[in-house]
Amino acid sequence: MVRHLCSFRRPMLLLLVAVGLVGFWSLAAVAQDHGGHTDDQETAAEHAPGHGDDHGVAHASPVGLLPLWTLIPFVGILLSIALGPLVAPHFWHAHFPKVSAFWALLFAIPFMFWNPNEAIQEILHIYLMDYIPFIILLWGLFTISGGIYLGGSLRGSPKVNLTLLLIGTFLASLIGTTGAAMVLIRPMLRANEWRRNKVHLMVFFIFLVANIGGSLTPLGDPPLFLGFLHNVPFFWVTTGLIKEMLLASALILIVFFFVDTYFYRKEENIPEPETDGEGIHIEGWHNFFFLLGVMGAVIMSGSLKLIDVPIYSGGSHALVVPLQNWLKDIIIIAMGILSLKTTAKVLREKNGFSWFPIQEVAYLFAGIFMTIIPALAILKAGSAGALSDLTNAVHGPVRYFWATGILSSFLDNAPTYLTFFNAALGDLGKVEADIPGMLGYLDESLRNSEFISDLTAISAGAVFMGAVTYIGNAPNFMVKAIAEESGIPMPSFFGYMVKWSVPILMPIFVIVTFVFFV
Amino acid sequence: MATKNNTAKKSFYEVVFLGKPKVVRAFMKGFVMGNLDNASVIYSFNAGIHHEGKVEKLVEMVGIRGTDCHVIVDSDTSALLKKWAKRITRETGLEIVSHRNIRSASMYFKFQAFAPRYNDEVVKLVKTLPAGLRVEGFKHDVKLDPKAKGIEAYSVVHHYEACGEATVVGRIDLLVALKKKFEDYPLIQSEDIVLKLA
């Protein structure tokens, strides 16, 4: 065992050093080509006039001119997350924090050597503005929803299952897809324990509760919260995506009803009506107040304008964090702590609650946010950046919907969303401060229908198509594992795609495309 | 017990009719109703019995042989069919092309469970097979990973993993009943029943 670990660590260390050295020298060469730091800034300013910070202060970052291969750590971590659980599940389970750290350091070390001030500013920016609020929100939602327990049982008939899925679909937008999946998966399993054919129930649960249901608020799915952190107004998602979400959900629910009725009729031992379950009851319902507190805090941070707290001024622009952001995070933490203090532990135990999923998110997204720095900067640079081919190739809502969606199916949908979100901004030469205006929240003259269509398509693609594979969204695998531990033979990775997601979801997404994006 | 042992020795035959399966099924129903009280009739296709080799399939594909229907019957029914084979062909158009004693039948299965409860259910099922069936080559493995307890989202592994495989050998009618019973255990994947013919 010791020999095995040593034989693994040494090549990994050598690889880290080798790639780090190559990265360092190449970054240094890029800096030299552009005549040093000051010239870089001027060049970027000339080529990327729209590049600016989150508050609209015009500036240009030399990070936007980094070469394409600096995205290797970003691609590496996304592929690790996608392939690790499939190729080497036990290794991945034991070592994913190290893998995340590896990819993060692979970018961070040469980046710090290349331009320390810019690197510090970019790293602080992404961690303070994106990573920490992101983790705090997920922690808050996960903690609070873990205290809500749906007890009792029902008889899993097609109508009951349809109702449970419908509740889950809308609950997902309030407590997040992970929270909704955690709360509803066990009632769904209990209601259908007597049934022989249950695989389809879990598959449709993944489609709706673990993915598409999270479309209506930034609390619903991580990509949408990242959009909120980048200036997309809280309720834009609700109004902007509701038509797409309702159509997709309605079509999926109709298909579900027919499929479930078919399997229900095949069951030989359908319980008599008098042996029906006792019905569903909610325990820990007071946690809904804490959820409202979280929602209120998030909405407050998007609407209240307090002072900006200066953090760092050594880079190409000063980094400030608005006070309302700190306030929002403090309120969310307070809501989570209150939930922990006021909810009986037994309810969390009944939900199978543990901190591990949040630890996973914390470790992995620490790596994702570090490595995404060059990707976002390059995309923001638009035609001046190394991804100008991508920004030139992906235009219009149809392409954004499918490009974001297909990538979200195989990579995590949060960074994928952020990538295309920035591509759309770079494409239009706009900055994040322009977003409320472009979405029609300020003066009507600022409204930009092209951006609205693009953002709708990107948001829908990221959220909807997370359901296409097990690795598209975090709760998918969670549902699969819980179902398997409850004796349901869930399909393999490709079985899920071939038998279920592609035949059912793809035609529905084509309909959504023709109705809304063409 | 004596009865069980006697029934365990019951012999079966595979009768192959040349004709459409629907017609064969209808004929057999009438034949049994008119002649026998306790006949065992199993249609290979319905019962998941693998009845053909590659050569036979090729022969059918190139059109040398028409549609056929494999039926498993007990010795009494078999004897009666054999006796009246010519009359059956003359009066119904169905031709009996093969009539062979089943020496043995076997079925391979495997299972995977991620909770002790489901593993125990399958193991109990395998260990309490009826007389007339026996298990060969039973391999069973349980792996525990205490660190993997609880729910995960990005690094999902099961803290309990059990898997097993075996081949059940024995009387065809009992094997068909077992295959049907396995359908109630979704974690068991069984293959077609393979016949060894005399």
# chains A, B, ... in the order shown; residues from 1 in each chain; ligands from 1
>>> residues_around(residues="Ala462 in chain A", least_positions_apart="5", cutoff="6 Å", atoms="only C-alpha atoms", output="list in words")
Thr404, Gly405, Ser408, Asn413 and Tyr417 of chain A
>>> write_last_selection(atoms="N, CA and C atoms", output="compact mmCIF listing (two decimals), in the first residue's frame")
# COMPACT_ATOMS: atom_id res chain seq x y z
N THR A 404 -23.54 25.92 -24.81
CA THR A 404 -23.51 25.90 -23.34
C THR A 404 -24.07 24.58 -22.83
N GLY A 405 -25.16 24.15 -23.45
CA GLY A 405 -25.84 22.95 -22.98
C GLY A 405 -25.00 21.70 -23.14
N SER A 408 -22.23 21.76 -20.80
CA SER A 408 -22.74 21.58 -19.44
C SER A 408 -23.12 20.13 -19.16
N ASN A 413 -21.76 22.57 -14.88
CA ASN A 413 -22.48 23.63 -15.59
C ASN A 413 -22.18 25.04 -15.06
N TYR A 417 -21.30 27.92 -17.66
CA TYR A 417 -22.17 29.10 -17.77
C TYR A 417 -21.33 30.38 -17.75
>>> select_by_dssp(residues="range 9-198 of chain B", states="strand (DSSP E)", output="ChimeraX atom specification")
/B:12-18,41-43,49-50,68-74,95-113,133-144,160-170,188-190,193-197
>>> residues_around(residues="Leu387 in chain A", least_positions_apart="3", cutoff="12 Å", atoms="only C-alpha atoms", output="PyMOL selection string")
chain A and resi 64-71+374-384+390-394+419-420+422-423+426-427
>>> interface_residues(of="chain A", to="chain B", cutoff="10 Å", atoms="only C-alpha atoms", output="NGL selection string")
:A and (81-82 or 84-86 or 88-96 or 178 or 182 or 195-199 or 351-361 or 364 or 412 or 471 or 473-490)
>>> residues_around(residues="Glu165 in chain B", least_positions_apart="2", cutoff="9 Å", atoms="only C-alpha atoms", output="list of chain:residue names")
B:Tyr108, B:Phe109, B:Lys110, B:Phe111, B:Gly137, B:Phe138, B:Lys139, B:His140, B:Cys163, B:Thr167
>>> residues_around(residues="range 29-39 of chain B", least_positions_apart="5", cutoff="8 Å", atoms="only C-alpha atoms", output="PDB file with C-alpha atoms, in the first residue's frame")
ATOM      1  CA  VAL B  73     -42.792 -30.261 -22.772  1.00  0.00           C
ATOM      2  CA  ASP B  74     -42.819 -33.001 -20.153  1.00  0.00           C
ATOM      3  CA  ASP B  76     -45.957 -37.569 -21.297  1.00  0.00           C
ATOM      4  CA  THR B  77     -46.796 -34.690 -23.597  1.00  0.00           C
TER       5      THR B  77
END
